[in-house]
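**Student:** Structure incoming, see below.
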Amino acid sequence: MTHTYESPLNELMHNDPDPTETREWIESVEAVIQRDGTDRAHQLLERMVEVSRRAGAHLPFEPTTDYINTIPPHLEAKSPGDAAMEWRIRSIIRWNAMAMVVRANRKPGDLGGHIATFGSSATLYDVGFNHFWRAPSDDHPGDLLFIQGHGSPGIYARSFLEGRISEDQLDHFRMEVDGRGISSYPHPWLMPDYWQTPTVSMGLGPISAIYQARNFKYLEGRGLMPKTDRKVWCFLGDGETDEPESLGAISVAGREGLDNLVFVINCNLQRLDGPVRGNGKIIQELEGQFRGAGWNVIKNVWGSYWDPLLARDSSGKLRQLMMETVDGEYQNCKAFGGAYTREHFFGKYPETAELVANLSDEDVWRLNRGGHDPHKVYASYHQAVNTKGMPTVILAKTVKGYGMGVAGESLNPAHGTKKMDDDDVRAFRDRFNIPVTDDQLKDSAVPFYHPGKDSPEIEYLLERRKALGGFLPQRRRKATQQLEVPPLATYERLLKSTGEREISTTMAFVQMLNISLRDKLVGPRLVPIVADEARTFGMEGLFRQIGIYAPFGQKYKPVDRDQLMYYREDTAGQVLQEGITEAGAFASWLACATSYSSNDLALLPFYIYYSMFGFQRVGDAAWQAGDMRARGFLLGATAGRTTLNGEGLQHEDGHSMVQAGLIPNCRSYDPTFSYEVVTLIQHGMQRMLVEQHDEYWYITLMNENYAHPDMPEGSAEGIIKGMYLFRDAGKPKKDQLRVQLLGSGTILREVIAAAELLEKDFGVVADIWSCPSFNELAREGADVERHNRFHPEAKAPRKAHITGLLEGRQGPAIAATDYIRTYAEQVRAYVPMHYTVLGTDGYGRSDTRANLRRHFEVDRYYVAHAAIAALAAEGKMTAKDVARAIKTYKIDAEKPNPLGV
């Protein structure tokens with residue numbers, strides 16, 4: 001059927017003060033459209049708007065368009081697929097997705113699951129899998145999919161037909177412990193060969209997708225990847241857009257013209273508890289937000305059955321009614337059927353009632369939404385992949401729980417519905433014409449259905465995927481290219497004493513980074529990332545050296561162009577300067593940290609930030625990075641509760657090390673000296689780039705300047721394990737009291753000073769231990785403890801690293817860090833002696849470092865006092881000695897607890 005342009009003249013003439021003049025203008029525009037096309041008409045209208053504004057007319061920007069499809073029927077691209085065959089395949093997938101969840105919840109254990117989300121989005125996925133989404137192959141790098149988490153049963157159901165997932169696996173949905181089942185949502189950590197991207201918690205998928213698409217452009221700009229038509233496709237629900245992360249970075253995509261990015265928002269008008277915008281219109285709201293951010297917006301609201309009605313809407317009343325009706329009422333129309341829709345929707349105006357007068361109630365109910373029409377979806381996707389210069393969002397209107405009937409279709413509880421009774425299952429079967437008999441459904445059975453590997457359906461499905469390069473989703477575990485990293489000796493000068501010169505560990509890191517960037521093999525793979533704090537961390541030298549990535553280059557002369565370290569932006573720039581957005585910078589880091597998998601190109605990103613604005617601020621994304629098997633460095637600068645003097649409560653970090661320890665594959669360290677920083681980063685580079693371990697490293701850095709000693713011989717292994725002997729007090733003298741002092745980060749220097757006080761004032765000597773990671777010590781200790789518990793008959797039980805180091809040493813142990821006590825407390829079970837922990841519990845505040853350490857009771861005087869108190873507790877000193885320490889070190893015993901509670 002040939003579609004032609006249809007004039008909206010009659011509709012536009014409604015309530016016009018001078019219809020004759022208006023008719024002439026409209027006919028003129030129509031003539032231009034017919035002769036020169038819509039682009040020329042748009043150009044002329046833009047000029048008219050410009051003239052009107054210059055004359056003083058107020059022409060406000062309208063961020064939304066009519067509540068109809070963006071693509072008119074006569075401009076729709078036609079799908080080359082077999083529509084009937086694809087409907088059969090889609091129906092089978094719907095059945096198996098439903099059966100998976102229902103079967104799981106008829107077993108003991110109340111496993112949960114979701115039917116309604118995939119019910120609403122099945123067509124959106126089906127069209128993509130059949131016609132658009134390319135798998136990685138020799139000819140193409142592959143598209144990257146962010147699949148809506150609650151729709152995972154439908155993706156498994158498709159893979160079952162493809163032969164990638166077994167029936168036994170389907171039958172163990174959400175039963176993973178014994179290794180037979182499949183995960184509830186997309187989790188690369190749990191299914192490392194299958195899921196590409198984690199998308200639950202909600203909101204994390206969209207921001208990750210934006211920065212993944214941006215990362216593709218970054219790699220192309222730097223010449224590390226060839227330019228292709230590769231796309232990032234992100235699926236999310238309309239309710240999910242309430243999450244700040246979902247829309248918080250869309251301006252980045254618009255500003256940078258990410259035409260390799262497609263958002264598909266499943267607008268089923270419902271979130272978890274009820275309507276998304278019951279009193280409004282979520283599609284209109286989202287259209288305005290995305291258009292304002294510079295996106296190409298495609299509204300796919302109405303299915304093909306509506307086209308004849310809209311074509312006959314000469315009065316414009318149907319379009320008016322569509323705009324007036326709120327989402328809560330649209331939900332009612334699908335929940336209560338055709339008769340209700342005829343009366344409460346079409347019945348509002350005589351003109352609209354007349355449009356459906358010849359339709360039965362069943363016909364009215366069948367008027368479909370655009371997201372369930374494969375022809376409309378294909379046209380939307382086709383325009384999206386052919387749009388240049390801007391990202392695209394497709395707002396596809398669907399029905400929550402489509403196909404579930406009275407069990408949940410368009411009902412408020414639909415999202416959480418995971419059970420269907422036998423009548424509902426039979427109705428589902430009949431609706432989608434699944435060849436399962438009543439006998440097979442006896443005794444509450446809900447069998448999976450596979451048409452056979454040689455069936456026309458399976459042959460068609462496999463042929464479509466073959467034409468698109470292979471199966472999706474699929475995940476690459478390791479990068480193909482083998483890399484080598486510079487040996488530790490490369491950084492020799494940073495392993496030596498600085499003499500009288502005082503530097504910070506941040507400066508040591510920057511110097512190491514500069515050396516690494518000069519390595520011909522590894523240098524191009526390193527990606528420095530900052531959230532608008534490069535100058536704070538002394539990294540501005542990188543601006544000129546390797547440039548700041550800017551997709552369109554530098555269109556201005558920087559104000560500091562005459563300076564040595566001027567602000568240089570470049571399309572091939574290596575630094576990612578993300579602006580003031582920790583969430584965006586972390587998402588950018590995550591894209592680089594997973595490039596080995598998504599691009600077969602190993603990168604090693606270094607994201608440096610105020611430590612307080614790391615795990616605390618983007619903790620959910622940090623957990624996502626663990627799930628996604630990220631590899632890279634997070635550098636928590638100005639770390640610790642007492643090192644960032646003057647900034648106060650919201651800036652002083654005393655708990656990031658504890659938060660880092662919560663993520664199983666995040667290795668975290670709090671180094672004190674430059675040689676520790678260098679040793680850790682070099683080893684981390686080896687682990688992540690060469691050995692390709694799925695872990696990422698968090699390393700704290702300080703802005704406090706002090707002298708750094710030579711690296712103690714043989715200390716490298718202990719640095720990495722988390723503890724080594726920094727200074728031995730020597731062979732014990734007869735009757736001489738001794739203590740073991742442990743510290744990390746900047747407080748290790750207070751511990752060193754405390755050892756001097758103890759010997760000078762009390763004759764007590766101290767062995768000094770540097771503990772770059774109590775987290776690593778605790779993990780290793782727990783592993784040893786577990787091994788010994790399960791191997792009671794082993795010849796020799798294992799010893800935790802910290803136990804082996806301290807065993808046989810004299811005196812109690814005192815640990816002090818710039819973090820809350822929980823950090824060092826976690827190794828108590830493995831310390832073979834009396835153990836005292838000092839930490840910085842409580843809120844930070846502005847003051848000098850010395851005053852802050854006194855306030856939090858972690859300075860050298862409190863460490864020395866704690867040692868005397870511990871010796872007294874063991875009966876080796878007296879209460880009078882403790883009282884003398886309090887007086888000697890001017891400790892206020894009555895001062896308030898810094899915890900403040």
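Residue names in the structure tokens use chain letters A, B, ... in the order shown, residue numbers from 1 in each chain, and ligand numbers from 1 in the order shown.
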So which bits of stretch 736-893 of chain A end up strand (DSSP E or B) when you DSSP the backbone, as a ChimeraX atom specification?

**Tutor:** /A:738-743,765-770,813-816,835-838

**Student:** Report as a list in words all protein, DNA and RNA residues lying within 9 Å of A:Ala637, evaluated on only C-alpha atoms, omitting residues in the same chain fewer than 3 positions from it.

**Tutor:**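 Final neighbour list, sorted by chain and number: Thr505, Thr506, Phe537, Ile608, Tyr609, Tyr610, Ser611, Met612, Gly640, Ile699, Thr700, Leu701, Met702 and Asn703 of chain A.
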
**Student:** Contacts of A:Phe856 at 8 Å or less, counting only C-alpha atoms, minus same-chain residues fewer than 3 places along, as a short mmCIF file (atom, residue, chain, number, x, y, z; two decimals) with C-alpha atoms, in the first residue's frame?

**Tutor:**
data_model
loop_
_atom_site.label_atom_id
_atom_site.label_comp_id
_atom_site.auth_asym_id
_atom_site.auth_seq_id
_atom_site.Cartn_x
_atom_site.Cartn_y
_atom_site.Cartn_z
CA GLY A 839 40.66 5.17 64.76
CA THR A 840 38.83 8.27 63.60
CA ASP A 841 35.20 7.46 64.39
CA LEU A 852 42.41 16.93 64.14
CA ARG A 853 44.63 14.02 65.16
CA PRO A 898 34.91 12.29 69.17
#

**Student:** Can you measure atom CA of A:Glu776 to atom CA of A:Gly722 for me? One decimal in Å is fine.

**Tutor:**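 Separating atom CA of A:Glu776 from atom CA of A:Gly722 is a distance of 5.7 Å.
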
**Student:** If I take atom CA of A:Val436 and atom CA of A:Arg464, how far is one from the other in Å, to one decimal?

**Tutor:**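 Separation of atom CA of A:Val436 and atom CA of A:Arg464: 26.0 Å.
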
**Student:** Within 7 Å of A:Ala630, counting only C-alpha atoms, which residues show up once you throw out same-chain ones fewer than 5 positions away? Write them as a PDB file with N, CA and C atoms, in the first residue's frame, please.

**Tutor:**
ATOM      1  N   LEU A 590      34.402   3.075  34.365  1.00  0.00           N
ATOM      2  CA  LEU A 590      33.883   1.720  34.198  1.00  0.00           C
ATOM      3  C   LEU A 590      33.914   1.291  32.738  1.00  0.00           C
ATOM      4  N   ALA A 593      37.423   0.451  32.105  1.00  0.00           N
ATOM      5  CA  ALA A 593      37.832  -0.697  32.903  1.00  0.00           C
ATOM      6  C   ALA A 593      37.256  -2.008  32.387  1.00  0.00           C
ATOM      7  N   THR A 594      36.262  -1.940  31.515  1.00  0.00           N
ATOM      8  CA  THR A 594      35.690  -3.155  30.912  1.00  0.00           C
ATOM      9  C   THR A 594      35.946  -3.215  29.413  1.00  0.00           C
ATOM     10  N   ALA A 625      30.642  -2.228  39.300  1.00  0.00           N
ATOM     11  CA  ALA A 625      31.946  -2.462  38.679  1.00  0.00           C
ATOM     12  C   ALA A 625      32.486  -3.826  39.058  1.00  0.00           C
ATOM     13  N   ASP A 694      40.180 -10.472  37.120  1.00  0.00           N
ATOM     14  CA  ASP A 694      38.985  -9.633  37.166  1.00  0.00           C
ATOM     15  C   ASP A 694      38.868  -8.982  38.547  1.00  0.00           C
ATOM     16  N   GLU A 695      39.659  -7.932  38.733  1.00  0.00           N
ATOM     17  CA  GLU A 695      39.671  -7.202  39.984  1.00  0.00           C
ATOM     18  C   GLU A 695      40.025  -5.760  39.693  1.00  0.00           C
ATOM     19  N   TYR A 696      39.657  -4.875  40.601  1.00  0.00           N
ATOM     20  CA  TYR A 696      40.130  -3.496  40.486  1.00  0.00           C
ATOM     21  C   TYR A 696      40.686  -3.051  41.824  1.00  0.00           C
TER      22      TYR A 696
END

**Student:** So which residues touch A:Thr642 within 10 Å, counting only C-alpha atoms, skipping near sequence neighbours fewer than 4 positions away, as an MDAnalysis selection string?

**Tutor:** chainID A and resid 638 646:648 652:654 746:747 818:819 840 844:856 858:859

**Student:** Include C-alpha atoms and write out the residues we just selected as a short mmCIF file (atom, residue, chain, number, x, y, z; two decimals), in the first residue's frame.

**Tutor:**
data_model
loop_
_atom_site.label_atom_id
_atom_site.label_comp_id
_atom_site.auth_asym_id
_atom_site.auth_seq_id
_atom_site.Cartn_x
_atom_site.Cartn_y
_atom_site.Cartn_z
CA THR A 638 43.32 13.68 50.08
CA GLY A 646 40.46 22.91 56.66
CA GLU A 647 37.77 21.24 54.51
CA GLY A 648 35.61 19.78 57.22
CA GLU A 652 37.20 14.32 55.42
CA ASP A 653 37.12 10.61 54.72
CA GLY A 654 37.41 8.09 57.52
CA THR A 746 49.62 9.18 57.13
CA ILE A 747 49.06 7.89 60.67
CA ASP A 818 43.16 7.52 59.77
CA TYR A 819 39.99 5.45 59.40
CA THR A 840 38.83 8.27 63.60
CA GLY A 844 35.20 15.38 60.43
CA ARG A 845 35.71 19.08 61.04
CA SER A 846 37.93 21.92 59.92
CA ASP A 847 41.23 22.46 61.71
CA THR A 848 44.96 21.82 61.46
CA ARG A 849 46.19 18.27 61.02
CA ALA A 850 47.72 18.28 64.47
CA ASN A 851 44.49 19.41 66.12
CA LEU A 852 42.41 16.93 64.14
CA ARG A 853 44.63 14.02 65.16
CA ARG A 854 44.45 15.14 68.76
CA HIS A 855 40.65 15.42 68.49
CA PHE A 856 40.28 11.91 67.04
CA VAL A 858 45.20 9.05 66.81
CA ASP A 859 48.28 11.27 67.11
#

**Student:** Write out as a VMD selection string all residues of stretch 27-194 of chain A that DSSP puts in alpha helix (DSSP H) for this structure's backbone.

**Tutor:** chain A and resid 27 to 36 38 to 54 83 to 104 116 to 131 152 to 162 167 to 170

**Student:** Could you give me, as a ChimeraX atom specification, the residues within 7 Å of A:Arg568, counting only C-alpha atoms and dropping anything in the same chain fewer than 5 positions from it?

**Tutor:** /A:543-544,547-548

**Student:** I'd like the neighbourhood of A:Ile719 as a ChimeraX atom specification, where a residue qualifies if any of its atoms comes within 10 Å (using only C-alpha atoms), though same-chain residues fewer than 2 positions away should be ignored.

**Tutor:** /A:669,671,675-677,679-680,714-717,721-725,770-773

**Student:** From the options A:Glu362, A:Asp313, A:Glu256, A:Asp307, which residue's atoms come nearest to A:Ala293, counting only C-alpha atoms?

**Tutor:**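 Once distances to A:Ala293 are computed over only C-alpha atoms, the minimum belongs to A:Glu256.
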
**Student:** How many Å separate atom CA of A:Thr643 from atom CA of A:Val510?

**Tutor:** 18.6 Å

**Student:** I need the residue nearest A:Gln682 from this list: A:Ala384, A:Ala489, A:Met85, A:Leu542. Use only C-alpha atoms for the distance.

**Tutor:**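 Selected residue with least distance to A:Gln682: A:Ala489.
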
**Student:** Hey, which of A:Asp193, A:Glu220, A:Asp761, A:Glu502 ends up closest to A:Ala572? Count only C-alpha atoms.

**Tutor:**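 Of A:Asp193, A:Glu220, A:Asp761, A:Glu502, the one nearest A:Ala572, counting only C-alpha atoms, is A:Glu220.
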
**Student:** Between A:Ala534, A:Ile155, A:Leu261, A:Ala707, which one has atoms that come closest to A:Lys231, using only C-alpha atoms?

**Tutor:**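 Of the candidates, the smallest distance to A:Lys231 is held by A:Leu261.
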
**Student:** Given the choices A:Val690, A:Tyr698, A:Glu30, A:Tyr596, which gets closest to A:Gly614 if the distance is worked out from only C-alpha atoms?

**Tutor:**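 The closest residue to A:Gly614 is A:Tyr698.
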
**Student:** Using only C-alpha atoms, I'd like a table of the residues in stretch 156-256 of chain A that come within 9 Å of stretch 86-96 of chain A; for each, show the closest atom pair and its distance in Å rounded to one decimal, ordered by chain and ascending number, as JSON lines.

**Tutor:**
{"residue": "A:Tyr156", "atom": "CA", "partner": "A:Asn96", "partner_atom": "CA", "distance": 8.8}
{"residue": "A:Ala157", "atom": "CA", "partner": "A:Ile93", "partner_atom": "CA", "distance": 5.3}
{"residue": "A:Arg158", "atom": "CA", "partner": "A:Ile93", "partner_atom": "CA", "distance": 5.8}
{"residue": "A:Phe160", "atom": "CA", "partner": "A:Asn96", "partner_atom": "CA", "distance": 8.7}
{"residue": "A:Leu161", "atom": "CA", "partner": "A:Ile93", "partner_atom": "CA", "distance": 7.9}
{"residue": "A:Leu170", "atom": "CA", "partner": "A:Asn96", "partner_atom": "CA", "distance": 8.7}

**Student:** Produce a file of the selected residues containing N, CA and C atoms, as a PDB file, in the first residue's frame.

**Tutor:**
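Once everything was written out, this is result02.pdb:
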ATOM      1  N   TYR A 156      16.573 -15.276  28.426  1.00  0.00           N
ATOM      2  CA  TYR A 156      16.892 -16.688  28.626  1.00  0.00           C
ATOM      3  C   TYR A 156      16.029 -17.572  27.727  1.00  0.00           C
ATOM      4  N   ALA A 157      14.760 -17.209  27.605  1.00  0.00           N
ATOM      5  CA  ALA A 157      13.849 -18.014  26.798  1.00  0.00           C
ATOM      6  C   ALA A 157      14.276 -18.037  25.334  1.00  0.00           C
ATOM      7  N   ARG A 158      14.758 -16.920  24.814  1.00  0.00           N
ATOM      8  CA  ARG A 158      15.272 -16.894  23.442  1.00  0.00           C
ATOM      9  C   ARG A 158      16.520 -17.765  23.332  1.00  0.00           C
ATOM     10  N   PHE A 160      17.262 -20.291  25.032  1.00  0.00           N
ATOM     11  CA  PHE A 160      16.834 -21.692  25.095  1.00  0.00           C
ATOM     12  C   PHE A 160      16.487 -22.203  23.701  1.00  0.00           C
ATOM     13  N   LEU A 161      15.755 -21.410  22.923  1.00  0.00           N
ATOM     14  CA  LEU A 161      15.432 -21.824  21.560  1.00  0.00           C
ATOM     15  C   LEU A 161      16.691 -21.897  20.691  1.00  0.00           C
ATOM     16  N   LEU A 170      16.809 -23.481  32.628  1.00  0.00           N
ATOM     17  CA  LEU A 170      15.564 -22.728  32.764  1.00  0.00           C
ATOM     18  C   LEU A 170      14.812 -23.156  34.012  1.00  0.00           C
TER      19      LEU A 170
END

**Student:** From the list A:Ala755, A:Leu236, A:Leu604, A:Met100, which residue is nearest A:Val200 when using only C-alpha atoms?

**Tutor:** A:Leu236
